[in-house]
$ cat entry_1.cif   # mmCIF, C-alpha atoms and all ligand atoms
data_data
loop_
_atom_site.label_atom_id
_atom_site.label_comp_id
_atom_site.auth_asym_id
_atom_site.auth_seq_id
_atom_site.Cartn_x
_atom_site.Cartn_y
_atom_site.Cartn_z
CA MET R 1 1.52 -31.32 32.04
CA THR R 2 0.25 -30.25 28.64
CA ARG R 3 -2.91 -28.19 28.73
CA GLN R 4 -5.25 -27.23 25.94
CA ILE R 5 -5.65 -23.47 25.81
CA ALA R 6 -8.56 -21.92 23.89
CA PHE R 7 -7.88 -19.18 21.34
CA LEU R 8 -11.29 -17.71 22.12
CA ASP R 9 -13.36 -19.04 25.03
CA LEU R 10 -16.98 -18.10 24.49
CA PRO R 11 -18.36 -21.01 26.60
CA ALA R 12 -16.35 -19.81 29.63
CA GLN R 13 -17.47 -16.23 29.06
CA GLN R 14 -21.06 -17.39 28.80
CA ALA R 15 -20.80 -19.38 32.03
CA ARG R 16 -19.55 -16.22 33.77
CA LEU R 17 -22.33 -13.97 32.37
CA LYS R 18 -25.13 -16.47 31.96
CA GLY R 19 -27.51 -14.96 34.53
CA SER R 20 -27.37 -11.41 33.20
CA ILE R 21 -27.53 -12.44 29.54
CA GLN R 22 -30.47 -14.76 30.20
CA LYS R 23 -32.38 -11.99 31.97
CA ARG R 24 -31.87 -9.63 29.03
CA VAL R 25 -32.87 -12.28 26.48
CA ASP R 26 -35.97 -13.24 28.50
CA ALA R 27 -37.11 -9.61 28.46
CA VAL R 28 -36.98 -9.63 24.64
CA MET R 29 -38.86 -12.95 24.51
CA ALA R 30 -41.54 -11.35 26.69
CA HIS R 31 -42.08 -8.19 24.62
CA CYS R 32 -41.42 -9.80 21.21
CA ARG R 33 -40.21 -6.60 19.54
CA PHE R 34 -37.46 -8.46 17.72
CA VAL R 35 -36.65 -5.68 15.26
CA LEU R 36 -35.68 -2.27 16.68
CA GLY R 37 -37.03 -3.15 20.12
CA PRO R 38 -36.22 -0.98 23.14
CA GLU R 39 -32.90 -2.75 23.78
CA VAL R 40 -31.52 -1.38 20.51
CA GLN R 41 -32.04 2.20 21.59
CA GLU R 42 -30.74 1.49 25.09
CA LEU R 43 -27.60 -0.05 23.62
CA GLU R 44 -27.16 2.86 21.20
CA GLN R 45 -27.19 5.30 24.11
CA ARG R 46 -24.69 3.24 26.06
CA LEU R 47 -22.39 2.84 23.03
CA ALA R 48 -22.44 6.56 22.32
CA GLU R 49 -21.57 7.29 25.95
CA PHE R 50 -18.84 4.67 26.02
CA GLY R 51 -17.26 5.84 22.77
CA GLY R 52 -17.69 9.54 23.55
CA ALA R 53 -19.74 10.17 20.40
CA LYS R 54 -23.03 12.06 20.12
CA HIS R 55 -24.86 9.33 18.20
CA ALA R 56 -24.64 5.56 17.85
CA ILE R 57 -26.70 3.69 15.26
CA GLY R 58 -27.00 -0.08 15.73
CA VAL R 59 -26.56 -1.96 12.46
CA SER R 60 -26.42 -5.51 11.11
CA SER R 61 -22.61 -5.94 11.01
CA GLY R 62 -19.32 -4.09 10.88
CA THR R 63 -19.28 -4.64 7.13
CA ASP R 64 -22.73 -3.12 6.68
CA ALA R 65 -21.67 -0.22 8.90
CA LEU R 66 -18.81 0.53 6.47
CA LEU R 67 -21.11 0.01 3.50
CA MET R 68 -23.68 2.50 4.81
CA VAL R 69 -21.04 5.08 5.68
CA LEU R 70 -19.70 4.89 2.11
CA MET R 71 -23.29 5.01 0.75
CA GLY R 72 -23.70 8.17 2.79
CA GLU R 73 -20.64 9.60 1.03
CA GLU R 74 -22.18 8.55 -2.30
CA ILE R 75 -19.13 6.54 -3.27
CA GLY R 76 -19.49 5.06 -6.75
CA PRO R 77 -17.71 4.53 -10.07
CA GLY R 78 -14.71 6.80 -10.53
CA ASP R 79 -14.15 7.33 -6.80
CA ALA R 80 -10.92 6.35 -5.05
CA VAL R 81 -11.11 5.12 -1.45
CA PHE R 82 -7.74 4.74 0.29
CA LEU R 83 -7.29 1.97 2.85
CA PRO R 84 -4.50 -0.18 4.27
CA ALA R 85 -3.53 -3.32 2.33
CA PHE R 86 -2.99 -5.14 5.63
CA THR R 87 -6.51 -5.43 7.09
CA TYR R 88 -9.57 -7.65 7.02
CA THR R 89 -11.26 -8.00 3.63
CA ALA R 90 -14.45 -6.18 4.74
CA THR R 91 -12.69 -2.80 4.71
CA ALA R 92 -12.07 -3.13 0.97
CA GLU R 93 -15.03 -5.14 -0.30
CA VAL R 94 -17.60 -2.45 0.50
CA VAL R 95 -15.80 -0.03 -1.84
CA LEU R 96 -16.09 -2.43 -4.78
CA LEU R 97 -19.69 -3.31 -3.91
CA LEU R 98 -20.52 0.35 -4.55
CA GLY R 99 -18.54 0.46 -7.79
CA GLY R 100 -15.70 2.52 -6.31
CA THR R 101 -12.01 1.66 -6.48
CA PRO R 102 -10.02 0.68 -3.39
CA VAL R 103 -6.53 2.17 -3.40
CA PHE R 104 -4.30 0.00 -1.21
CA VAL R 105 -1.82 1.72 1.08
CA ASP R 106 1.23 0.23 2.81
CA VAL R 107 1.55 -0.01 6.59
CA ASP R 108 4.11 0.90 9.24
CA PRO R 109 6.61 -1.95 9.77
CA GLN R 110 6.44 -1.60 13.56
CA THR R 111 2.86 -0.77 14.49
CA PHE R 112 1.27 -2.31 11.34
CA GLN R 113 -0.99 0.75 11.12
CA ILE R 114 -1.57 2.65 7.86
CA SER R 115 1.56 4.52 6.78
CA LEU R 116 1.08 8.24 6.20
CA GLU R 117 4.11 8.31 3.94
CA SER R 118 2.67 5.59 1.72
CA LEU R 119 -0.72 7.32 1.79
CA LYS R 120 0.84 10.51 0.45
CA GLU R 121 2.58 8.57 -2.34
CA ARG R 122 -0.59 6.70 -3.24
CA LEU R 123 -2.63 9.91 -3.43
CA GLU R 124 0.01 11.47 -5.66
CA ALA R 125 -0.07 8.41 -7.96
CA VAL R 126 -3.89 8.57 -8.23
CA ARG R 127 -3.75 12.29 -9.00
CA GLN R 128 -1.06 11.77 -11.65
CA ALA R 129 -2.98 8.96 -13.35
CA GLY R 130 -5.98 11.29 -13.46
CA GLU R 131 -8.60 8.56 -13.76
CA LEU R 132 -10.10 8.50 -10.29
CA GLU R 133 -11.33 11.17 -7.96
CA PRO R 134 -9.74 10.84 -4.50
CA ARG R 135 -12.62 10.88 -1.99
CA VAL R 136 -12.25 8.92 1.23
CA VAL R 137 -9.54 7.51 3.52
CA ILE R 138 -10.54 4.60 5.77
CA GLY R 139 -8.25 4.41 8.78
CA VAL R 140 -8.26 0.98 10.43
CA ASP R 141 -7.26 0.50 14.07
CA LEU R 142 -5.46 -2.73 13.37
CA PHE R 143 -5.44 -5.41 16.10
CA GLY R 144 -6.98 -2.93 18.59
CA GLN R 145 -4.38 -0.14 18.53
CA PRO R 146 -5.26 3.26 17.07
CA ALA R 147 -4.29 4.31 13.57
CA PRO R 148 -2.26 7.57 13.51
CA TRP R 149 -5.41 9.68 13.88
CA ASP R 150 -3.73 13.03 14.63
CA GLU R 151 -1.73 12.85 11.43
CA LEU R 152 -4.61 11.41 9.41
CA LYS R 153 -7.00 14.14 10.55
CA ALA R 154 -4.62 16.97 9.75
CA TRP R 155 -3.57 15.58 6.40
CA THR R 156 -7.04 14.55 5.10
CA ALA R 157 -8.41 17.99 6.03
CA GLN R 158 -5.58 19.61 4.08
CA GLN R 159 -6.22 17.36 1.06
CA ASP R 160 -10.01 17.76 1.21
CA LEU R 161 -10.55 14.02 1.74
CA THR R 162 -13.20 12.49 4.01
CA LEU R 163 -11.86 10.43 6.91
CA VAL R 164 -13.70 7.30 8.09
CA ALA R 165 -12.65 5.12 11.04
CA ASP R 166 -12.92 1.33 10.90
CA CYS R 167 -12.93 0.66 14.63
CA ALA R 168 -14.07 -2.98 14.31
CA GLN R 169 -11.07 -4.22 16.31
CA SER R 170 -10.49 -1.28 18.62
CA PHE R 171 -13.71 -0.32 20.38
CA GLY R 172 -12.65 0.29 23.99
CA ALA R 173 -9.13 1.44 23.11
CA THR R 174 -8.01 4.94 24.11
CA TYR R 175 -6.04 7.62 22.28
CA HIS R 176 -4.74 10.61 24.23
CA GLY R 177 -6.76 9.30 27.16
CA ARG R 178 -10.12 9.28 25.33
CA ARG R 179 -11.89 6.24 23.96
CA LEU R 180 -11.87 5.83 20.18
CA GLY R 181 -15.16 6.73 18.54
CA HIS R 182 -14.88 10.32 17.37
CA GLU R 183 -11.62 10.59 15.43
CA ALA R 184 -13.37 10.63 12.06
CA LYS R 185 -16.58 11.84 10.44
CA ALA R 186 -18.01 8.38 11.09
CA THR R 187 -16.67 5.41 13.08
CA THR R 188 -17.75 1.83 12.41
CA LEU R 189 -17.88 -0.96 15.00
CA SER R 190 -18.30 -4.72 14.73
CA PHE R 191 -19.84 -7.05 17.31
CA PHE R 192 -18.78 -10.26 15.57
CA PRO R 193 -18.40 -12.81 18.40
CA SER R 194 -14.58 -12.76 18.35
CA LYS R 195 -14.25 -8.97 18.65
CA PRO R 196 -13.51 -7.52 22.10
CA LEU R 197 -17.21 -6.61 22.49
CA GLY R 198 -18.83 -9.55 20.73
CA GLY R 199 -22.48 -10.54 20.38
CA TYR R 200 -24.08 -13.91 19.75
CA GLY R 201 -24.19 -13.40 16.01
CA ASP R 202 -23.53 -10.58 13.58
CA GLY R 203 -23.92 -6.96 14.61
CA GLY R 204 -22.30 -3.57 14.36
CA ALA R 205 -22.77 0.15 14.91
CA ILE R 206 -21.90 3.53 13.44
CA LEU R 207 -20.79 6.38 15.70
CA THR R 208 -20.94 10.01 14.64
CA ASP R 209 -21.18 13.48 16.18
CA ASP R 210 -23.10 14.84 13.20
CA ASP R 211 -26.91 15.07 13.59
CA ASP R 212 -27.63 15.02 9.84
CA LEU R 213 -25.38 12.03 9.25
CA ALA R 214 -27.03 10.16 12.13
CA ALA R 215 -30.44 10.78 10.50
CA LEU R 216 -29.04 9.59 7.17
CA TYR R 217 -27.69 6.34 8.69
CA HIS R 218 -31.04 5.70 10.40
CA SER R 219 -32.69 6.02 7.00
CA LEU R 220 -30.09 3.87 5.21
CA ARG R 221 -30.40 0.99 7.68
CA THR R 222 -34.17 0.83 7.08
CA HIS R 223 -34.35 0.70 3.28
CA GLY R 224 -33.84 4.43 2.86
CA GLU R 225 -37.10 5.30 4.59
CA GLY R 226 -38.17 8.93 4.84
CA ARG R 227 -40.16 10.58 7.60
CA THR R 228 -42.83 7.90 7.41
CA ARG R 229 -42.34 4.21 7.11
CA TYR R 230 -43.50 3.76 3.54
CA GLU R 231 -41.87 6.83 2.10
CA VAL R 232 -38.74 5.66 0.32
CA GLU R 233 -36.39 8.57 0.06
CA ARG R 234 -33.22 6.86 -1.10
CA ILE R 235 -31.75 3.44 -1.79
CA GLY R 236 -30.95 1.79 1.52
CA ILE R 237 -30.50 -1.71 2.85
CA ASN R 238 -31.92 -3.97 5.55
CA GLY R 239 -29.11 -3.01 7.91
CA ARG R 240 -30.62 -3.03 11.42
CA LEU R 241 -29.17 -4.54 14.58
CA ASP R 242 -31.39 -7.33 15.99
CA THR R 243 -33.03 -6.70 19.35
CA LEU R 244 -31.70 -10.04 20.65
CA GLN R 245 -28.14 -9.04 19.77
CA ALA R 246 -28.62 -5.69 21.49
CA ALA R 247 -29.86 -7.55 24.60
CA VAL R 248 -26.77 -9.78 24.69
CA LEU R 249 -24.47 -6.80 24.09
CA LEU R 250 -26.07 -4.80 26.92
CA ALA R 251 -25.20 -7.59 29.34
CA LYS R 252 -21.68 -7.81 27.94
CA LEU R 253 -21.16 -4.06 28.03
CA ASP R 254 -21.62 -4.13 31.82
CA VAL R 255 -18.36 -6.07 32.19
CA PHE R 256 -16.55 -4.74 29.10
CA GLY R 257 -14.39 -2.28 31.05
CA ASP R 258 -13.13 -5.07 33.32
CA GLU R 259 -12.49 -7.32 30.33
CA LEU R 260 -10.42 -4.62 28.64
CA LYS R 261 -8.30 -4.33 31.79
CA ARG R 262 -7.80 -8.09 31.86
CA ARG R 263 -6.73 -8.13 28.20
CA ASP R 264 -4.26 -5.33 28.90
CA ALA R 265 -2.83 -7.17 31.93
CA ILE R 266 -2.28 -10.28 29.79
CA ALA R 267 -0.59 -8.18 27.08
CA SER R 268 1.74 -6.64 29.67
CA ALA R 269 2.61 -10.07 31.05
CA TYR R 270 3.45 -11.30 27.54
CA ASP R 271 5.47 -8.15 26.78
CA ALA R 272 7.54 -8.47 29.95
CA ALA R 273 8.42 -12.12 29.40
CA MET R 274 9.02 -12.17 25.65
CA PRO R 275 12.24 -14.07 24.90
CA GLU R 276 14.88 -12.76 22.55
CA GLY R 277 14.07 -13.39 18.90
CA ILE R 278 10.36 -12.66 19.30
CA VAL R 279 9.23 -9.06 18.91
CA PRO R 280 6.18 -8.14 21.04
CA PRO R 281 3.64 -5.68 19.60
CA VAL R 282 5.09 -2.17 19.34
CA ARG R 283 2.70 0.12 21.22
CA VAL R 284 1.24 3.14 19.46
CA ALA R 285 2.21 6.26 21.45
CA ASN R 286 -0.39 7.89 23.74
CA SER R 287 -2.78 4.99 23.53
CA GLU R 288 -4.15 1.89 25.20
CA SER R 289 -5.07 -1.01 22.95
CA ALA R 290 -8.36 -2.92 23.07
CA TRP R 291 -6.21 -6.00 22.34
CA ALA R 292 -8.54 -7.63 19.85
CA ILE R 293 -5.41 -9.43 18.71
CA TYR R 294 -1.93 -9.74 20.26
CA THR R 295 0.51 -10.15 17.38
CA ILE R 296 4.16 -11.07 17.73
CA LEU R 297 6.70 -10.75 14.93
CA LEU R 298 9.35 -13.33 14.00
CA SER R 299 12.44 -12.75 11.87
CA ASP R 300 11.28 -14.94 8.98
CA ALA R 301 8.65 -17.44 7.81
CA GLY R 302 10.71 -20.45 8.92
CA LYS R 303 10.89 -19.22 12.51
CA ARG R 304 7.22 -18.27 12.54
CA ASP R 305 6.10 -21.64 11.25
CA SER R 306 8.42 -23.42 13.68
CA LEU R 307 7.04 -21.49 16.65
CA GLN R 308 3.46 -22.02 15.53
CA ALA R 309 4.01 -25.80 15.27
CA PHE R 310 5.81 -25.89 18.62
CA LEU R 311 2.98 -24.02 20.36
CA LYS R 312 0.37 -26.25 18.75
CA ASP R 313 2.10 -29.32 20.18
CA ALA R 314 2.09 -27.62 23.56
CA GLY R 315 -1.69 -27.05 23.35
CA VAL R 316 -1.41 -23.33 22.58
CA PRO R 317 -3.47 -22.31 19.53
CA THR R 318 -2.33 -19.35 17.44
CA ALA R 319 -3.63 -17.57 14.34
CA ILE R 320 -2.19 -15.63 11.42
CA TYR R 321 -3.74 -12.23 10.71
CA TYR R 322 -3.34 -11.82 7.78
CA PRO R 323 -1.45 -14.33 5.65
CA LYS R 324 -1.83 -12.30 2.43
CA PRO R 325 -2.27 -8.55 1.93
CA LEU R 326 -5.48 -7.57 0.17
CA HIS R 327 -3.91 -6.31 -3.08
CA ARG R 328 -2.49 -9.83 -3.59
CA GLN R 329 -5.85 -11.54 -3.11
CA PRO R 330 -7.51 -12.88 -6.29
CA ALA R 331 -10.60 -10.69 -5.73
CA TYR R 332 -8.63 -7.46 -5.39
CA ALA R 333 -5.55 -7.96 -7.55
CA PRO R 334 -7.40 -6.98 -10.77
CA HIS R 335 -8.34 -3.65 -9.13
CA HIS R 336 -4.82 -2.87 -7.94
CA ASP R 337 -2.58 -0.55 -9.93
CA GLY R 338 0.47 -2.75 -9.45
CA ALA R 339 2.29 -0.56 -6.93
CA SER R 340 4.49 -2.56 -4.60
CA LEU R 341 3.58 -2.32 -0.91
CA PRO R 342 6.63 -4.05 0.57
CA VAL R 343 5.74 -3.94 4.27
CA ALA R 344 2.25 -5.38 3.81
CA GLU R 345 3.71 -7.96 1.43
CA GLY R 346 6.29 -9.14 3.97
CA LEU R 347 4.30 -9.19 7.20
CA GLY R 348 2.04 -12.14 6.37
CA ALA R 349 4.96 -14.58 6.61
CA ARG R 350 6.23 -13.29 9.95
CA VAL R 351 3.24 -12.48 12.18
CA LEU R 352 1.64 -14.75 14.76
CA ALA R 353 -1.26 -14.00 17.11
CA LEU R 354 -1.30 -15.44 20.64
CA PRO R 355 -4.48 -16.06 22.67
CA ILE R 356 -5.52 -12.93 24.61
CA HIS R 357 -9.14 -13.38 25.71
CA PRO R 358 -10.19 -12.37 29.25
CA GLU R 359 -10.96 -15.94 30.31
CA LEU R 360 -7.27 -16.89 30.29
CA THR R 361 -6.12 -17.56 33.87
CA ASP R 362 -2.79 -16.37 35.24
CA ASP R 363 -1.70 -20.01 35.09
CA ASP R 364 -2.64 -20.19 31.40
CA VAL R 365 -0.62 -17.06 30.70
CA SER R 366 2.41 -18.42 32.58
CA TYR R 367 2.04 -21.69 30.68
CA ILE R 368 2.04 -19.87 27.31
CA ILE R 369 5.05 -17.77 28.33
CA ALA R 370 6.92 -20.91 29.42
CA ALA R 371 6.21 -22.51 26.04
CA LEU R 372 7.52 -19.43 24.19
CA ASN R 373 10.69 -19.55 26.26
CA ARG R 374 11.20 -23.29 25.68
CA TRP R 375 10.98 -22.68 21.92
CA ALA R 376 13.39 -19.75 22.12
CA GLY R 377 15.80 -21.89 24.18
CA GLU R 378 15.82 -24.54 21.46
CA GLN R 379 16.68 -21.90 18.84
CA ALA R 380 19.72 -20.61 20.72
C1 LIG Q 401 -14.31 -7.72 11.72
C2 LIG Q 401 -13.91 -6.59 10.89
C3 LIG Q 401 -14.80 -5.97 10.01
C4 LIG Q 401 -16.15 -6.53 9.67
O1 LIG Q 401 -17.01 -6.72 10.72
P1 LIG Q 401 -18.22 -7.76 10.60
O2 LIG Q 401 -19.07 -7.42 11.78
O3 LIG Q 401 -17.64 -9.14 10.68
O4 LIG Q 401 -18.93 -7.53 9.32
C5 LIG Q 401 -14.37 -4.84 9.32
N1 LIG Q 401 -13.13 -4.36 9.48
C6 LIG Q 401 -12.24 -4.95 10.30
C7 LIG Q 401 -10.88 -4.35 10.43
C8 LIG Q 401 -12.58 -6.08 11.02
O5 LIG Q 401 -11.68 -6.66 11.82
#

$ encode --input "entry_1.cif" --output "structure tokens" --more "lines below"
Ligand SMILES: *Cc1c(COP(=O)(O)O)cnc(C)c1O
Amino acid sequence: MTRQIAFLDLPAQQARLKGSIQKRVDAVMAHCRFVLGPEVQELEQRLAEFGGAKHAIGVSSGTDALLMVLMGEEIGPGDAVFLPAFTYTATAEVVLLLGGTPVFVDVDPQTFQISLESLKERLEAVRQAGELEPRVVIGVDLFGQPAPWDELKAWTAQQDLTLVADCAQSFGATYHGRRLGHEAKATTLSFFPSKPLGGYGDGGAILTDDDDLAALYHSLRTHGEGRTRYEVERIGINGRLDTLQAAVLLAKLDVFGDELKRRDAIASAYDAAMPEGIVPPVRVANSESAWAIYTILLSDAGKRDSLQAFLKDAGVPTAIYYPKPLHRQPAYAPHHDGASLPVAEGLGARVLALPIHPELTDDDVSYIIAALNRWAGEQA
């Protein structure tokens, strides 16, 4: 029997959590403090605890979190910000919004995380050209697995570069047994509904251990306010997290640990049953993924497209993250120096993401595995 699997099942998650979410939302409706109400601070405390950081600042989105962190670094014209070419557009757009220049870096062919070797080459090229000042490296924990933080920390310190962590896909993941959230000067989170910890709209947070930076981010998210509300100390934005989003996220955070375990169990089931010809995600050493995305790798575009069509017919939706690397996108190509980034350029044709949300039943997972094996059987 053909079933229809959901790629993301927010209605099922809502049915499971309805009572606790409703209670939280009703409390906000009763006190009516819709902007920076008490739930925001409660969530900030819980996020800081969960991520092992001293401070968490609730903000309007993961994109705004990155924007404010780069505003805090005073990124502007003439500044180079290094980031992987194989990531979501938000990581790069904030650099250009501030007048800085994104310098795209290639990724590791196995883990898809930023390549330190390419990063070294790209820094050397920027230094040789002599037009930009190298300032910041944004490490992205792609698909929920950690970037090579040990290497990034050591190397950026040596090169006098500031390290920022885009943790939009990886909140909840661990690295050397500790949750991600304090590998860089500042860590940004996203609560977009499809992220592992998703709200009912846009939202995000910034984590940091630095007291002065935390104060700066509080100011930036409220129009650059000073010690009093109508003292404008700097240029900021309207970058606050809504109270209603914080309320929903508090209810979701209660079950987040269990959901992460469920995602990991599904990933292990997929890994164990993956037929020949399909490469399961290569795990980053000393880590547990948050499994925002479970990405398999095919040998070429023809195979990938064939598997995607086969799964679609079987009622199994899939997605392609990301079909085109950023430096090849029309918006970014004019800002790219023309360097070839062969891994990032090749991955888009070969990757395929399978459903991995916590509402998948064991039967659903077996059904998806059976479909993968039927396709592989036909290829043999
Ligand atoms: C989702 C995402 C963002 C942006 O988060 P929003 O909350 O949607 O603004 C930034 N970086 C990465 C890697 C993401 O996946």

$ closest_residue --input "entry_1.cif" --among "R:Gly346, R:Gly203, R:Gly37, R:Gly130" --to "ligand LIG 401 (chain Q)" --atoms "only C-alpha atoms and all ligand atoms"
R:Gly203

$ residues_near_point --input "entry_1.cif" --point "(-19.6, -8.3, 25.8)" --cutoff "7 Å" --atoms "only C-alpha atoms" --output "ChimeraX atom specification"
/R:197-199,249,251-253,255-256

$ residues_near_ligand --input "entry_1.cif" --ligand "ligand LIG 401 (chain Q)" --cutoff "8 Å" --atoms "only C-alpha atoms and all ligand atoms" --output "PyMOL selection string"
chain R and resi 60-66+87-91+140-143+166-169+189-192+195+202-204

$ atom_distance --input "entry_1.cif" --atom1 "CA of Ala215 (chain R)" --atom2 "CA of His55 (chain R)"
9.6 Å

$ residues_around --input "entry_1.cif" --residues "Arg135 (chain R)" --least-positions-apart "3" --cutoff "8 Å" --atoms "all atoms listed in the file" --output "PDB file with C-alpha atoms, in the frame of the given file"
ATOM      1  CA  ILE R  75     -19.130   6.540  -3.270  1.00  0.00           C
ATOM      2  CA  ASP R  79     -14.150   7.330  -6.800  1.00  0.00           C
ATOM      3  CA  ALA R  80     -10.920   6.350  -5.050  1.00  0.00           C
ATOM      4  CA  VAL R  81     -11.110   5.120  -1.450  1.00  0.00           C
ATOM      5  CA  LEU R 161     -10.550  14.020   1.740  1.00  0.00           C
ATOM      6  CA  THR R 162     -13.200  12.490   4.010  1.00  0.00           C
TER       7      THR R 162
END

$ closest_residue --input "entry_1.cif" --among "R:Ile296, R:Leu241, R:Ile278, R:Ala301" --to "Trp375 (chain R)" --atoms "only C-alpha atoms"
R:Ile278

$ residues_near_point --input "entry_1.cif" --point "(2.8, -23.1, 28.1)" --cutoff "10 Å" --atoms "only C-alpha atoms" --output "MDAnalysis selection string"
chainID R and resid 1:5 311 314:316 363:374

$ closest_residue --input "entry_1.cif" --among "R:Glu73, R:Glu225, R:Glu124, R:Glu259" --to "Val164 (chain R)" --atoms "all atoms listed in the file"
R:Glu73

$ residues_around --input "entry_1.cif" --residues "Phe112 (chain R)" --least-positions-apart "3" --cutoff "12 Å" --atoms "only C-alpha atoms" --output "PyMOL selection string"
chain R and resi 84-87+105-109+115-116+139-148+281-284+295-297+321-322+325+343-348+351

$ closest_residue --input "entry_1.cif" --among "R:Gln113, R:Leu96, R:Gln379, R:Asp150" --to "Gly302 (chain R)" --atoms "all atoms listed in the file"
R:Gln379

$ closest_residue --input "entry_1.cif" --among "R:Thr101, R:Pro280, R:Ser268, R:Lys312" --to "Leu83 (chain R)" --atoms "only C-alpha atoms"
R:Thr101

$ closest_residue --input "entry_1.cif" --among "R:Glu378, R:Asp9, R:Asp337, R:Glu117" --to "Pro193 (chain R)" --atoms "all atoms listed in the file"
R:Asp9

$ atom_distance --input "entry_1.cif" --atom1 "CA of Gly236 (chain R)" --atom2 "CA of Val59 (chain R)"
12.4 Å

$ atom_distance --input "entry_1.cif" --atom1 "CA of Ala272 (chain R)" --atom2 "CA of Trp149 (chain R)"
27.5 Å
